Each structure stands twice: as structure tokens, then as C-alpha cells.
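The next block is target.csv, given as CSV, C-alpha atoms and all ligand atoms.
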```
chain,number,residue,atom,x,y,z
A,1,MET,CA,-3.0,-36.2,29.3
A,2,LEU,CA,0.6,-36.5,28.3
A,3,THR,CA,3.0,-35.4,31.0
A,4,GLY,CA,6.1,-37.0,29.7
A,5,TYR,CA,8.1,-33.7,29.4
A,6,LYS,CA,8.2,-33.6,33.2
A,7,SER,CA,10.7,-36.5,33.1
A,8,LEU,CA,13.1,-34.7,30.7
A,9,LYS,CA,16.5,-34.4,32.3
A,10,TYR,CA,17.7,-31.5,30.0
A,11,ASN,CA,18.1,-28.2,31.6
A,12,TYR,CA,15.9,-26.2,29.3
A,13,SER,CA,12.9,-23.9,30.0
A,14,MET,CA,10.1,-26.4,29.2
A,15,THR,CA,7.4,-23.9,29.8
A,16,HIS,CA,7.4,-22.5,26.3
A,17,PHE,CA,8.3,-25.7,24.4
A,18,SER,CA,6.4,-28.5,26.1
A,19,PRO,CA,3.0,-27.6,24.7
A,20,ILE,CA,4.4,-28.0,21.2
A,21,LEU,CA,5.7,-31.4,22.0
A,22,ASP,CA,2.4,-32.4,23.5
A,23,GLU,CA,0.6,-31.2,20.4
A,24,TYR,CA,3.0,-33.3,18.3
A,25,LEU,CA,2.4,-36.4,20.3
A,26,GLU,CA,-1.4,-35.8,20.2
A,27,GLU,CA,-1.3,-35.6,16.4
A,28,LEU,CA,1.1,-38.5,16.1
A,29,LEU,CA,-1.2,-40.8,18.2
A,30,LEU,CA,-4.2,-39.6,16.3
A,31,TRP,CA,-2.7,-40.3,12.9
A,32,ASN,CA,-1.2,-43.5,14.1
A,33,LYS,CA,-4.7,-45.0,14.4
A,34,SER,CA,-5.0,-45.1,10.6
A,35,PHE,CA,-1.5,-44.5,9.2
A,36,ASN,CA,0.9,-46.8,11.2
A,37,LEU,CA,3.6,-44.2,11.7
A,38,ILE,CA,5.1,-45.8,14.8
A,39,GLY,CA,4.7,-49.3,16.1
A,40,LYS,CA,1.4,-49.8,18.0
A,41,SER,CA,3.3,-51.5,20.9
A,42,THR,CA,5.3,-48.3,21.4
A,43,GLU,CA,2.4,-46.0,21.9
A,44,LYS,CA,2.1,-46.6,25.7
A,45,GLU,CA,5.7,-45.6,26.2
A,46,ILE,CA,5.8,-43.0,23.5
A,47,TRP,CA,7.7,-40.5,25.5
A,48,LYS,CA,10.5,-42.9,26.6
A,49,THR,CA,10.7,-44.8,23.4
A,50,HIS,CA,10.6,-42.0,20.9
A,51,ILE,CA,10.9,-38.5,22.4
A,52,GLU,CA,13.6,-39.0,25.0
A,53,ASN,CA,15.6,-41.2,22.7
A,54,SER,CA,15.4,-38.5,19.9
A,55,LEU,CA,16.5,-35.8,22.4
A,56,GLU,CA,19.5,-37.7,23.5
A,57,ILE,CA,21.3,-36.1,20.5
A,58,LEU,CA,20.3,-32.6,21.6
A,59,SER,CA,23.4,-31.7,23.7
A,60,PHE,CA,25.7,-32.8,20.9
A,61,LEU,CA,23.9,-30.8,18.2
A,62,GLU,CA,23.7,-27.6,20.1
A,63,ASN,CA,27.5,-27.5,20.3
A,64,GLU,CA,27.9,-27.8,16.5
A,65,ASP,CA,28.3,-24.7,14.4
A,66,CYS,CA,26.9,-26.3,11.2
A,67,PRO,CA,23.3,-25.0,10.8
A,68,ASN,CA,21.9,-27.7,8.5
A,69,VAL,CA,20.7,-31.0,9.8
A,70,VAL,CA,19.5,-33.8,7.5
A,71,ASP,CA,17.4,-36.6,9.0
A,72,ILE,CA,17.5,-39.7,6.8
A,73,GLY,CA,14.3,-41.7,6.9
A,74,SER,CA,12.5,-39.4,9.3
A,75,GLY,CA,9.3,-41.5,9.5
A,76,ALA,CA,7.0,-39.7,11.8
A,77,GLY,CA,9.6,-37.0,12.4
A,78,LEU,CA,12.0,-38.8,14.6
A,79,PRO,CA,14.5,-37.6,15.8
A,80,SER,CA,14.1,-34.3,13.9
A,81,ILE,CA,10.8,-32.9,15.2
A,82,PRO,CA,11.7,-33.0,18.9
A,83,LEU,CA,15.2,-31.7,18.1
A,84,SER,CA,13.9,-28.9,15.9
A,85,ILE,CA,11.7,-27.6,18.7
A,86,PHE,CA,14.7,-27.2,21.0
A,87,LEU,CA,17.1,-26.0,18.3
A,88,PRO,CA,15.2,-23.2,16.5
A,89,LYS,CA,18.3,-21.8,14.8
A,90,LYS,CA,19.1,-25.0,13.0
A,91,ILE,CA,17.4,-26.0,9.8
A,92,PHE,CA,16.1,-29.6,9.7
A,93,TYR,CA,15.5,-31.5,6.4
A,94,LEU,CA,13.1,-34.3,7.1
A,95,THR,CA,13.6,-36.8,4.3
A,96,GLU,CA,11.1,-39.6,3.5
A,97,VAL,CA,9.9,-41.7,0.6
A,98,ASN,CA,6.6,-43.0,2.1
A,99,SER,CA,3.5,-41.0,1.0
A,100,LYS,CA,1.6,-41.4,4.3
A,101,LYS,CA,4.6,-40.3,6.4
A,102,LEU,CA,5.2,-37.4,4.0
A,103,ALA,CA,1.6,-36.4,4.4
A,104,PHE,CA,1.8,-36.5,8.2
A,105,LEU,CA,5.1,-34.6,8.3
A,106,THR,CA,3.8,-31.9,6.0
A,107,PHE,CA,0.6,-31.5,8.1
A,108,VAL,CA,2.3,-31.6,11.5
A,109,ILE,CA,5.1,-29.1,10.8
A,110,LYS,CA,2.5,-26.6,9.6
A,111,LYS,CA,0.2,-27.2,12.6
A,112,LEU,CA,3.1,-26.8,15.0
A,113,ASN,CA,4.5,-23.8,13.1
A,114,LEU,CA,7.9,-25.4,12.9
A,115,ASN,CA,9.5,-22.9,10.5
A,116,ASN,CA,12.9,-24.4,10.8
A,117,THR,CA,11.9,-27.7,9.2
A,118,ILE,CA,11.7,-28.7,5.6
A,119,VAL,CA,9.9,-31.9,4.5
A,120,VAL,CA,11.8,-33.6,1.6
A,121,ASN,CA,10.2,-36.1,-0.7
A,122,ILE,CA,13.1,-38.1,-1.9
A,123,ASN,CA,11.1,-39.5,-4.7
A,124,GLU,CA,11.1,-36.1,-6.3
A,125,GLY,CA,14.9,-35.9,-6.2
A,126,PHE,CA,17.1,-34.1,-3.6
A,127,TYR,CA,20.6,-32.8,-3.5
A,128,LEU,CA,21.9,-30.5,-0.8
A,129,GLU,CA,24.8,-28.3,-1.7
A,130,ASP,CA,25.3,-26.9,1.8
A,131,GLU,CA,27.4,-28.6,4.4
A,132,CYS,CA,25.2,-30.5,6.8
A,133,ILE,CA,25.1,-32.7,9.9
A,134,VAL,CA,23.3,-36.1,9.4
A,135,VAL,CA,21.0,-37.6,12.0
A,136,SER,CA,19.2,-40.8,11.5
A,137,ARG,CA,17.3,-43.3,13.7
A,138,ALA,CA,16.5,-46.8,12.7
A,139,PHE,CA,16.9,-46.1,9.0
A,140,SER,CA,19.4,-48.7,7.8
A,141,ASP,CA,22.9,-50.0,8.2
A,142,ILE,CA,25.8,-47.5,8.1
A,143,LYS,CA,27.0,-48.5,4.6
A,144,THR,CA,23.6,-47.8,3.2
A,145,ILE,CA,23.5,-44.5,5.0
A,146,ILE,CA,26.9,-43.5,3.5
A,147,ASN,CA,25.6,-44.5,0.0
A,148,TRP,CA,22.5,-42.4,0.5
A,149,GLU,CA,24.7,-39.4,1.5
A,150,LYS,CA,26.9,-39.8,-1.6
A,151,LYS,CA,23.7,-39.6,-3.7
A,152,HIS,CA,22.0,-36.7,-1.9
A,153,LEU,CA,24.6,-34.6,0.0
A,154,LYS,CA,27.6,-32.6,-1.2
A,155,SER,CA,29.3,-32.3,2.2
A,156,VAL,CA,28.7,-34.1,5.5
A,157,PHE,CA,30.1,-32.4,8.5
A,158,LYS,CA,29.3,-35.2,11.0
A,159,ASN,CA,27.0,-38.1,11.5
A,160,TYR,CA,24.9,-38.7,14.6
A,161,LEU,CA,23.2,-42.1,14.2
A,162,LEU,CA,20.8,-43.5,16.8
A,163,LYS,CA,21.3,-47.3,16.8
A,164,GLY,CA,20.9,-50.4,18.9
A,165,ARG,CA,23.3,-53.2,19.8
A,166,GLU,CA,27.1,-52.5,20.0
A,167,GLU,CA,28.1,-55.7,18.4
A,168,LYS,CA,25.9,-55.0,15.3
A,169,ILE,CA,27.2,-51.4,15.2
A,170,LYS,CA,30.8,-52.6,15.1
A,171,GLU,CA,30.0,-55.0,12.3
A,172,GLU,CA,28.5,-52.1,10.3
A,173,ILE,CA,31.4,-49.8,11.0
A,174,LYS,CA,33.8,-52.5,9.8
A,175,GLU,CA,31.8,-53.1,6.7
A,176,ALA,CA,31.7,-49.4,5.9
A,177,LYS,CA,35.4,-49.1,6.6
A,178,ILE,CA,35.1,-46.2,9.0
A,179,GLU,CA,38.3,-45.6,10.9
A,180,LYS,CA,37.4,-42.7,13.3
A,181,TYR,CA,34.2,-43.1,15.3
A,182,GLU,CA,32.7,-42.9,18.7
A,183,ILE,CA,30.0,-45.1,20.3
A,184,ILE,CA,28.1,-43.6,23.2
A,185,ASN,CA,25.8,-45.6,25.4
A,186,LEU,CA,22.4,-43.9,25.8
A,187,ASN,CA,19.5,-44.5,28.1
A,188,ARG,CA,18.0,-46.4,25.1
A,189,GLY,CA,20.4,-47.8,22.6
A,190,ARG,CA,23.6,-46.2,21.3
A,191,LEU,CA,24.7,-43.1,19.5
A,192,VAL,CA,27.3,-43.6,16.8
A,193,ILE,CA,29.3,-40.4,15.8
A,194,PHE,CA,31.7,-40.2,12.9
A,201,LIG,C1,12.3,-47.8,10.4
A,201,LIG,S1,11.7,-46.2,9.8
A,201,LIG,C2,12.4,-45.1,11.0
A,201,LIG,C3,11.6,-43.9,11.1
A,201,LIG,C4,12.1,-42.9,12.1
A,201,LIG,N1,13.4,-42.4,11.9
A,201,LIG,C5,12.0,-43.4,13.5
A,201,LIG,O1,13.0,-43.5,14.2
A,201,LIG,O2,10.8,-43.8,13.9
A,201,LIG,C6,12.7,-45.9,8.3
A,201,LIG,C7,12.1,-44.9,7.4
A,201,LIG,O3,12.9,-44.7,6.3
A,201,LIG,C8,12.1,-44.4,5.2
A,201,LIG,N2,12.9,-44.5,3.9
A,201,LIG,C9,13.1,-45.7,3.3
A,201,LIG,N3,13.9,-45.5,2.2
A,201,LIG,C10,14.2,-44.1,2.2
A,201,LIG,C11,15.1,-43.3,1.4
A,201,LIG,N4,15.7,-43.8,0.4
A,201,LIG,N5,15.2,-42.0,1.8
A,201,LIG,C12,14.5,-41.5,2.9
A,201,LIG,N6,13.8,-42.3,3.6
A,201,LIG,C13,13.6,-43.5,3.4
A,201,LIG,C14,10.9,-45.3,5.3
A,201,LIG,O4,9.8,-44.9,4.6
A,201,LIG,C15,10.7,-45.3,6.9
A,201,LIG,O5,9.8,-44.3,7.2
```
Any chance you could give the structure as C-alpha cells?
Ligand SMILES: C[S@@+](CC[C@H](N)C(=O)[O-])C[C@H]1O[C@@H](n2cnc3c(N)ncnc32)[C@H](O)[C@@H]1O
Amino acid sequence: MLTGYKSLKYNYSMTHFSPILDEYLEELLLWNKSFNLIGKSTEKEIWKTHIENSLEILSFLENEDCPNVVDIGSGAGLPSIPLSIFLPKKIFYLTEVNSKKLAFLTFVIKKLNLNNTIVVNINEGFYLEDECIVVSRAFSDIKTIINWEKKHLKSVFKNYLLKGREEKIKEEIKEAKIEKYEIINLNRGRLVIF
């Protein structure tokens, strides 16, 4: 039985939401047996590695007025699915190119009744006219993310990127010529905001 939500430090009423997260994790682990959605070695620590890490953006997003959130390279729905459960008023666009991941995302958002999420198959073309916040975890370097945004998004309000080593982040920031940014240490990795 998954009891990871008990370790969540956020001050939310978990009574209503935790069964949805548990259901998500159950489906993720089940599909991972044949679809390789997340690294097998991360399954044991799935809550710490994937859910807690995704939810570290939560307190930032809830203070933003912009309602649209685009997740670049959502994979199995990280960070967007955990975030969308706690931010029902925001609309999450889960973008992917991989057919297995797209199949899982489409299945799981329906199963979980996550009406504030939209799965986007990038192979079919995508351009968002509305202003949006970008979130992304382990997708690519910052320059590639910015190029992706130029192609698919009209107006980016702010970026919240979940990343790893500070040294590497600073290299990427320099390469992408970003002048104003913030790097925040998280329990796992770092959050880059610009
Ligand atoms: C390393 S995974 C990270 C997945 C997830 N964000 C996570 O943290 O577990 C990167 C994902 O980006 C997807 N991807 C690759 N090119 C993409 C593109 N042009 N647009 C959207 N997603 C893409 C891949 O299929 C893959 O699932």
C-alpha cells in the first residue's frame, strides 16, 4: 500500500486528494511493467523521487494568476499530474511525442477524472495563443526549452524548470543568455525560475 502522501509537508487537506494520487501511482507502476515510463530503479522511492519533487513547484504556481500551464516533455505526467490535482483551477497542457507515454497520459487523466488537464501530441502540431507558465522536468537544456517555446507558445509568462546540478544550470543559463533568473535549492535538485 502506498502511504507516501503522509510525508507531504504541504499544508493541504489531503483527505480528498490523496486517493487520486494513490490511484495515479498504482496505474503508473502497473503500466511501467511493460511501458518503461519511469526508471525501474526509481520505483521503490517513487514518492520521494517523482511526486514530492514535482510538488515542490506547487507553492510557486498557486501564487501565479496565469491560468495556463504547459509541461514540456511530460513523460508519465511529471510534474503536471501531481500539480493538477492540487491546482484544479489551472489548466495543464501535458506535451509529449512518445506514443506509449501519450497512451498512458490519455488513459490516466480519464481514469482519474482530471478535467483540468489536456494531453498534447506534439507530432500533430501545437501552438498555444494564450499566455502560459512553463514547467518542465528533466526534458532538455534551457536553450532547447526556449527554442521549443518559440515554436509552440505565443507568450510565456514564466518558466519553472526542475533541474539538477547548479554548475550545469549556470552553464545552460549562460548559453541561453538569460539575464534575470533565480535558482532555488529543493529537497531534490534545483528549481530554475526565469
Ligand atoms: C527524460 S523524459 C522526462 C519526463 C518527465 N518530465 C519526468 O520528469 O519524468 C523527457 C520526455 O520528453 C519527451 N519529448 C522529447 N521530445 C519532445 C518534444 N519535442 N516535445 C515534447 N516532449 C518531448 C520524451 O518523449 C520524454 O518522455
Problem set entry | Straight-line distance linking atom CA of A:Asp130 with atom CA of A:Phe60, stated in Å to one decimal | 20.0 Å
For this session: Could you give me the residues within 10 Å of ligand LIG 201 (chain A), counting all atoms listed in the file, as a ChimeraX atom specification?
Result: /A:37-39,49-51,53-54,71-80,94-102,120-123,126,135-140,144-145,147-149,151-152,162-163
Exercise. Suppose you want the space between atom CA of A:Val134 and atom CA of A:Glu166; what is it in Å?
Worked result: 19.9 Å
For this session: Grab the atom CA of A:Val108 to atom CA of A:Ile81 distance for me, in Å with one decimal place.
Result: 9.4 Å
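With distances taken over only C-alpha atoms, A:Phe104 is the one residue among A:Phe104, A:Lys154, A:Asn159, A:Asn68 lying closest to A:Asn36.
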Exercise. For A:Lys180, which residue among A:Val192, A:Ile109, A:Ile91, A:Cys66 is the nearest when counting all atoms listed in the file?
Worked result: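 Result for the nearest residue to A:Lys180: A:Val192.
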For this session: Tell me which of A:Phe157, A:Tyr127, A:Tyr93, A:Tyr181 sits closest to A:Leu105, counting all atoms listed in the file.
Result: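 Closest to A:Leu105 of all the choices is A:Tyr93.
Checking A:Ile146, A:Val156, A:Leu55, A:Leu61 one by one against A:Leu186, counting all atoms listed in the file, you find the shortest gap at A:Leu55.
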Problem set entry | From A:Leu25, A:Lys150, A:Ile57, A:Leu30, residue lying nearest A:Asn187 [all atoms listed in the file] |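 Comparing A:Leu25, A:Lys150, A:Ile57, A:Leu30 against A:Asn187, the winner is A:Ile57.
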Exercise. A:Gly125, A:Gly164, A:Pro88, A:Pro82: which is nearest A:Glu52, counting only C-alpha atoms?
Worked result: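 Under the stated criterion, the closest residue is A:Pro82.
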Please complete stretch 54-70 of chain A with N, CA and C atoms and give it back as a compact mmCIF listing (two decimals), in the coordinates of the input.
```txt
# COMPACT_ATOMS: atom_id res chain seq x y z
N SER A 54 15.08 -39.51 20.94
CA SER A 54 15.40 -38.50 19.90
C SER A 54 16.23 -37.37 20.55
N LEU A 55 15.82 -36.95 21.74
CA LEU A 55 16.50 -35.80 22.40
C LEU A 55 17.82 -36.10 22.97
N GLU A 56 18.21 -37.36 22.94
CA GLU A 56 19.50 -37.70 23.50
C GLU A 56 20.65 -37.10 22.55
N ILE A 57 20.29 -36.68 21.34
CA ILE A 57 21.30 -36.10 20.50
C ILE A 57 21.41 -34.55 20.71
N LEU A 58 20.45 -34.01 21.42
CA LEU A 58 20.30 -32.60 21.60
C LEU A 58 21.61 -31.89 22.06
N SER A 59 22.18 -32.39 23.14
CA SER A 59 23.40 -31.70 23.70
C SER A 59 24.55 -31.76 22.77
N PHE A 60 24.59 -32.73 21.86
CA PHE A 60 25.70 -32.80 20.90
C PHE A 60 25.45 -31.76 19.79
N LEU A 61 24.24 -31.71 19.29
CA LEU A 61 23.90 -30.80 18.20
C LEU A 61 24.05 -29.35 18.54
N GLU A 62 23.69 -29.03 19.75
CA GLU A 62 23.70 -27.60 20.10
C GLU A 62 25.11 -27.05 20.19
N ASN A 63 26.09 -27.93 20.26
CA ASN A 63 27.50 -27.50 20.30
C ASN A 63 28.12 -27.44 18.90
N GLU A 64 27.38 -27.81 17.89
CA GLU A 64 27.90 -27.80 16.50
C GLU A 64 27.55 -26.51 15.82
N ASP A 65 28.52 -25.93 15.10
CA ASP A 65 28.30 -24.70 14.40
C ASP A 65 27.44 -24.86 13.13
N CYS A 66 27.58 -26.02 12.50
CA CYS A 66 26.90 -26.30 11.20
C CYS A 66 25.37 -26.13 11.40
N PRO A 67 24.73 -25.26 10.61
CA PRO A 67 23.30 -25.00 10.80
C PRO A 67 22.35 -26.01 10.21
N ASN A 68 22.82 -26.75 9.22
CA ASN A 68 21.90 -27.70 8.50
C ASN A 68 21.95 -29.07 9.05
N VAL A 69 20.76 -29.64 9.28
CA VAL A 69 20.70 -31.00 9.80
C VAL A 69 19.76 -31.83 8.87
N VAL A 70 20.29 -32.91 8.32
CA VAL A 70 19.50 -33.80 7.50
C VAL A 70 19.13 -35.04 8.22
```
